[in-house]
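One structure is given below, encoded as structure tokens.
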Amino acid sequence: MIDYVWLIPLFPLMGFLINGLFGSRLKESQIGAVACGSIGLSFFVSATVFFQVLQLPASERSISRTIYTWIRTGDFQVDISFLIDPLSLVMLLVVTGVGFLIHVYSIGYMHGDRSFARYFAYLNLFTFSMLLLVLADNFLLLFVGWEGVGLCSYLLIGFWFENNDYAYAGRKAFVMNRIGDFGFLLGMFLIFLHFGSLNFNVVFSQAPEVLTTSLATAICLLLFLGATGKSAQIPLYVWLPDAMAGPTPVSALIHAATMVTAGVYMVVRCHVLFLSSPFVLNVIAIIGICTAFLAATIALVSNDIKKVLAYSTISQLGYMFLACGVGAFGAAIFHVSTHAYFKALLFLSAGSVMHALGNETDMTKMGGLRKKLPITYRVFLIGALALAGVPLLSGFFSKDEILWKAVSSPFGGFWLWFAGAVVAGLTAFYTFRLIFMTFHGRSRVSKEVAKHIHESPKIMTIPLGVLAVLAIVGGYIGIPHIFNKFEHFLEPVFTQYVHAEIFESTHDLPGLELSFMGISILIAFLGIGFAYIFYVARPNLADDVAEKARGIYRIFANKWYVDEVYDTLIVRPIKLVSDLVLWRWIDIKVIDGFVNQIARVIGKSSDILRRIETGVIQNYALSIIFGVVVLVGYFLWR
């Protein structure tokens with residue numbers, strides 16, 4: 001089956017073409033079967049390839065399959081070629097597995113939407129692009145998938161484009177990602193300029209000889225700029241909360257299995273380059289932890305159920321980049337996989353709540369839903385416990401692994417761990433603030449909406465159940481010092497080009513690790529405990545604290561005024577320059593003036609020629625005689 005790895009992206013591409021071209025003639029059930037079936041087949045092939053690779057010795061688990069030569073000009077050659085190794089296999093299983101469940105859930109969530117076929121066509125195209133990105137064995141093919149997920153995010157975030165705010169959100173995501181992509185492109189240009197190739201194997205194997213520290217720093221900073229756009233990190237994170245404009249399953253797909261993990265995956269894939277510049281690793285760690293803290297503080301006071309989860313995603317991505325920054329690339333991918341389970345679960349559960357409340361997202365208009373939505377409540381609670389880092393759930397193992405690496409790695413330090421621990425406490429607090437405001441306490445649901453509250457259909461609750469199981473057991477494959485299967489499975493990827501000693505911990509003491517783990521557990525329970533006091537035991541306490549700390553509350557509630565700063569420093573000046581210079585002068589005077597002048601010249605020439613074409617036979621006969629006289633005179637004179 002390894003030779004048929006090309007089937008993995010092909011199936012969703014076929015689903016996109018069938019639903020895109022013929023969807024208007026198909027029933028909802030047929031559209032859903034095509035869309036879900038294509039992703040299901042991709043998952044089946046991915047799982048089969050995974051078990052085949054598992055049978056191979058660790059040193060032989062990196063396999064490349066070339067489909068055909070895409071570009072060949074001079075010394076430049078790029079193939080459509082797929083790389084199968086432990087890293088790409090983990091991502092394949094996450095993308096196709098979680099993506100399949102989201103597709104199935106969408107059949108119920110999008111039932112009755114007039115653009116049902118268009119929705120599933122976009123969803124299949126999104127998955128195809130992500131699979132292309134993950135499987136690529138060179139930077140250019142990866143960039144094709146990279147741009148594909150960017151395009152699909154624009155299409156899906158602005159899916160209900162009749163609403164101007166939703167269309168604006170899609171445009172915002174598109175523009176912010178183009179800024180990051182510009183950096184990624186420049187990084188690729190530098191790589192080709194110095195390596196003469198864009199193939200991963202060629203670049204990574206030559207890196208020690210070709211790269212100087214300054215060159216590695218330049219390349220990695222440019223690549224990381226691309227990652228900040230795609231994975232919503234400072235300074236390009238502001239598009240992700242607005243991306244909630246799209247249908248909720250889209251949010252689950254973007255946040256859990258596809259787009260936002262692309263930046264983390266790219267940095268991990270290029271770990272050889274990043275390890276050549278300790279300065280860039282420090283930048284990534286600091287940006288990651290700052291993003292995690294900033295997003296967590298905003299989530300503390302947000303009342304929109306989807307935006308709390310959106311800021312939570314940004315914060316968790318910050319953890320993943322913190323892991324990359326301290327050289328714990330395996331821990332970053334471990335958190336990518338567990339985060340996919342519980343964040344998809346949380347988003348789809350939020351969608352189930354909205355489905356019951358007529359698309360209401362304001363948590364101040366919820367409360368007391370625990371008994372009315374029992375299935376949704378249970379699975380939501382499991383996802384929340386995993387996100388909060390409660391022991392024995394998947395999120396605990398991966399987050400604790402990152403925190404331990406932050407303090408024990410040769411690239412880490414105590415303050416990175418301390419900041420990460422603070423964010424862990426904030427995460428537990430805002431996660432259970434969401435749970436208590438939505439499902440506990442007195443109901444604040446309007447009487448009209450309360451009449452129609454109902455649990456979601458099975459087509460939606462079954463995927464939630466499967467994700468809940470994954471959110472519980474998904475972390476056990478990475479328990480340190482007991483199983484550690486996940487780290488051992490990925491190890492050949494990280495030691496193929498780099499000596500294993502570079503990743504060795506400076507504090508290889510199980511007792512110390514258990515101590516830090518104990519502190520993490522204590523912090524998680526403290527966060528949950530404070531949330532209980534603020535929103536269940538003493539529900540007025542939150543308002544009192546907000547009133548007394550009005551300044552800080554206002555900063556958090558206004559999202560640190562980052563949007564306003566962008567608007568003042570970037571958006572308005574660009575609009576002013578566009579209006580006064582680019583539009584009024586270059587567009588109207590230069591471009592339009594040049595085109596209009598050509599039209600005027602052609603018009604005047606036509607006027608002259610039109611006077612010759614009189615339609616009078618005598619004039620034409622006179623012209624012929626005149627011409628004959630001229631020719632005869634010419635020959636006689638000559």
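Convention: chains lettered A, B, ... in structure tokens order; per-chain residue numbering from 1; ligands numbered from 1 as shown.
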
Output as JSON lines one row per residue of stretch 249-302 of chain A within 12 Å of stretch 164-173 of chain A: the closest atom pair and its distance in Å to one decimal place, counting only C-alpha atoms, sorted by chain and residue number ascending.
```
{"residue": "A:Ile254", "atom": "CA", "partner": "A:Ala173", "partner_atom": "CA", "distance": 11.8}
{"residue": "A:Met259", "atom": "CA", "partner": "A:Ala173", "partner_atom": "CA", "distance": 11.4}
{"residue": "A:Val260", "atom": "CA", "partner": "A:Ala173", "partner_atom": "CA", "distance": 11.7}
```

DSSP-assigned helix (DSSP H, G or I) members of stretch 185-387 of chain A, reported as number ranges by chain: A: 185-195, 200-210, 213-230, 239-245, 248-257, 259-269, 271-274, 278-301, 305-325, 329-356, 363-365, 374-387

Top pick for closest residue to A:Ser337, considering A:Ile382, A:Ile31, A:Leu87, A:Ile18 and counting only C-alpha atoms: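 Looking at the shortest contact to A:Ser337, the residue is A:Leu87.
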
Proximity to A:Ile477 - best of A:Arg538, A:Lys458, A:His335, A:Arg269, only C-alpha atoms: A:His335

Near-A:His255 list (12 Å; only C-alpha atoms; drop same-chain fewer than 3 positions) as a ChimeraX atom specification: /A:95,98-99,102,153,230-232,240-241,243-244,248-252,258-262,306-307,309-317,336-337,339-348

Near-stretch 33-43 of chain A list (6 Å; only C-alpha atoms; drop same-chain fewer than 6 positions) as a list of chain:residue names: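 Surrounding residues, per the criterion: A:Ile8, A:Phe11, A:Pro12, A:Gly15, A:Thr96, A:Gly97, A:Phe100, A:His103.
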
Mind writing the picked residues with N, CA, C and O atoms as a compact mmCIF listing (two decimals), in the first residue's frame?
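Wrote it out as result.txt, contents follow:
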```txt
# COMPACT_ATOMS: atom_id res chain seq x y z
N ILE A 8 -4.10 8.86 -0.88
CA ILE A 8 -4.54 9.58 0.33
C ILE A 8 -5.03 10.99 -0.01
O ILE A 8 -6.13 11.38 0.38
N PHE A 11 -8.37 10.95 -2.90
CA PHE A 11 -9.77 10.71 -2.54
C PHE A 11 -10.51 12.02 -2.21
O PHE A 11 -11.58 12.30 -2.76
N PRO A 12 -9.98 12.85 -1.29
CA PRO A 12 -10.71 14.11 -1.02
C PRO A 12 -10.75 15.04 -2.22
O PRO A 12 -11.71 15.80 -2.38
N GLY A 15 -13.64 13.90 -4.12
CA GLY A 15 -14.86 14.35 -3.43
C GLY A 15 -15.16 15.81 -3.72
O GLY A 15 -16.32 16.19 -3.95
N THR A 96 -6.87 12.93 8.70
CA THR A 96 -7.95 12.12 8.12
C THR A 96 -8.90 11.58 9.20
O THR A 96 -10.11 11.52 8.97
N GLY A 97 -8.36 11.19 10.36
CA GLY A 97 -9.21 10.63 11.42
C GLY A 97 -10.14 11.67 12.01
O GLY A 97 -11.37 11.51 12.02
N PHE A 100 -12.48 13.12 9.36
CA PHE A 100 -13.63 12.27 9.04
C PHE A 100 -14.78 12.49 10.02
O PHE A 100 -15.94 12.63 9.63
N HIS A 103 -16.46 15.73 9.32
CA HIS A 103 -17.30 15.63 8.13
C HIS A 103 -18.65 14.98 8.47
O HIS A 103 -19.71 15.45 8.04
```

For A:Pro86, please output as a PDB file with N, CA, C and O atoms, in the first residue's frame all residues within 7 Å (counting only C-alpha atoms; exclusion window: fewer than 5 positions along the same chain).
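Saved result, part_26.pdb, follows:
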```
ATOM      1  N   ARG A  61      12.374   3.829   8.079  1.00  0.00           N
ATOM      2  CA  ARG A  61      11.005   4.354   8.088  1.00  0.00           C
ATOM      3  C   ARG A  61      10.881   5.722   7.409  1.00  0.00           C
ATOM      4  O   ARG A  61       9.957   6.477   7.718  1.00  0.00           O
ATOM      5  N   PHE A 489       8.682   6.515  18.474  1.00  0.00           N
ATOM      6  CA  PHE A 489       8.241   6.402  17.095  1.00  0.00           C
ATOM      7  C   PHE A 489       8.767   7.569  16.252  1.00  0.00           C
ATOM      8  O   PHE A 489       9.183   7.389  15.103  1.00  0.00           O
ATOM      9  N   LEU A 490       8.758   8.780  16.841  1.00  0.00           N
ATOM     10  CA  LEU A 490       9.211   9.961  16.097  1.00  0.00           C
ATOM     11  C   LEU A 490      10.731  10.123  16.095  1.00  0.00           C
ATOM     12  O   LEU A 490      11.276  10.878  15.287  1.00  0.00           O
ATOM     13  N   VAL A 493      13.036  10.528  12.972  1.00  0.00           N
ATOM     14  CA  VAL A 493      12.898  11.771  12.203  1.00  0.00           C
ATOM     15  C   VAL A 493      13.881  12.815  12.713  1.00  0.00           C
ATOM     16  O   VAL A 493      14.507  13.533  11.918  1.00  0.00           O
TER      17      VAL A 493
END
```

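You can rank A:Tyr154, A:Trp6, A:Phe161, A:Phe204 by their closest distance to A:Phe82 using only C-alpha atoms, and at the top of that list sits A:Trp6.
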
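Taking atom CA of A:Lys548 as the reference point, atom CA of A:Phe534 is found at 14.5 Å.
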
A:Leu190 environment, 9 Å, only C-alpha atoms, sequence neighbours closer than 5 positions dropped, as a ChimeraX atom specification: /A:185,195,215,218-219

A:Phe321 environment, 12 Å, only C-alpha atoms, sequence neighbours closer than 3 positions dropped, as an MDAnalysis selection string: chainID A and resid 224 227:228 231:234 260:268 280:292 314:318 324:333 335:336 402:403 406 416 420

Residues of the last selection are to be written out with C-alpha atoms, as a tab-separated table (two decimals), in the first residue's frame.
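Final file, out.tsv:
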```
chain	number	residue	atom	x	y	z
A	224	PHE	CA	8.89	31.40	11.24
A	227	ALA	CA	4.37	30.00	10.70
A	228	THR	CA	3.13	32.94	12.81
A	231	SER	CA	-0.63	29.21	13.24
A	232	ALA	CA	-1.89	32.53	14.65
A	233	GLN	CA	1.02	33.71	16.77
A	234	ILE	CA	2.13	37.24	17.68
A	260	VAL	CA	-3.33	26.17	12.41
A	261	THR	CA	-1.20	23.08	12.89
A	262	ALA	CA	0.52	23.69	9.55
A	263	GLY	CA	2.93	26.24	11.02
A	264	VAL	CA	3.91	23.92	13.87
A	265	TYR	CA	4.36	21.04	11.43
A	266	MET	CA	6.55	23.14	9.12
A	267	VAL	CA	8.84	24.23	11.99
A	268	VAL	CA	9.12	20.64	13.22
A	280	VAL	CA	15.74	31.88	16.47
A	281	LEU	CA	14.88	29.06	18.86
A	282	ASN	CA	14.85	31.61	21.69
A	283	VAL	CA	12.65	33.92	19.60
A	284	ILE	CA	10.19	31.07	18.92
A	285	ALA	CA	10.03	30.11	22.61
A	286	ILE	CA	9.44	33.70	23.74
A	287	ILE	CA	6.87	34.43	21.01
A	288	GLY	CA	5.12	31.17	21.85
A	289	ILE	CA	4.84	31.77	25.58
A	290	CYS	CA	3.88	35.45	25.12
A	291	THR	CA	1.13	34.42	22.70
A	292	ALA	CA	-0.07	31.74	25.10
A	314	ILE	CA	-4.09	30.43	20.08
A	315	SER	CA	-2.85	29.84	23.62
A	316	GLN	CA	-2.32	26.10	23.05
A	317	LEU	CA	-0.48	26.83	19.80
A	318	GLY	CA	1.77	29.04	21.89
A	324	CYS	CA	9.70	23.91	19.36
A	325	GLY	CA	11.69	26.78	20.83
A	326	VAL	CA	13.24	24.56	23.49
A	327	GLY	CA	14.04	21.86	20.93
A	328	ALA	CA	11.28	19.49	22.09
A	329	PHE	CA	9.86	18.91	18.62
A	330	GLY	CA	8.38	15.53	19.53
A	331	ALA	CA	6.49	17.11	22.45
A	332	ALA	CA	5.10	19.75	20.08
A	333	ILE	CA	3.70	17.09	17.72
A	335	HIS	CA	0.42	18.19	21.80
A	336	VAL	CA	-0.74	18.73	18.20
A	402	ILE	CA	6.04	20.56	27.22
A	403	LEU	CA	6.36	22.16	30.65
A	406	ALA	CA	10.71	23.88	28.98
A	416	LEU	CA	9.87	29.60	30.46
A	420	GLY	CA	3.97	28.13	31.04
```

Atom CA of A:Gly229 to atom CA of A:Leu17, straight-line distance in Å: 28.5 Å

d(atom CA of A:Met130, atom CA of A:Tyr105) in Å: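 Between atom CA of A:Met130 and atom CA of A:Tyr105 the gap is 19.5 Å.
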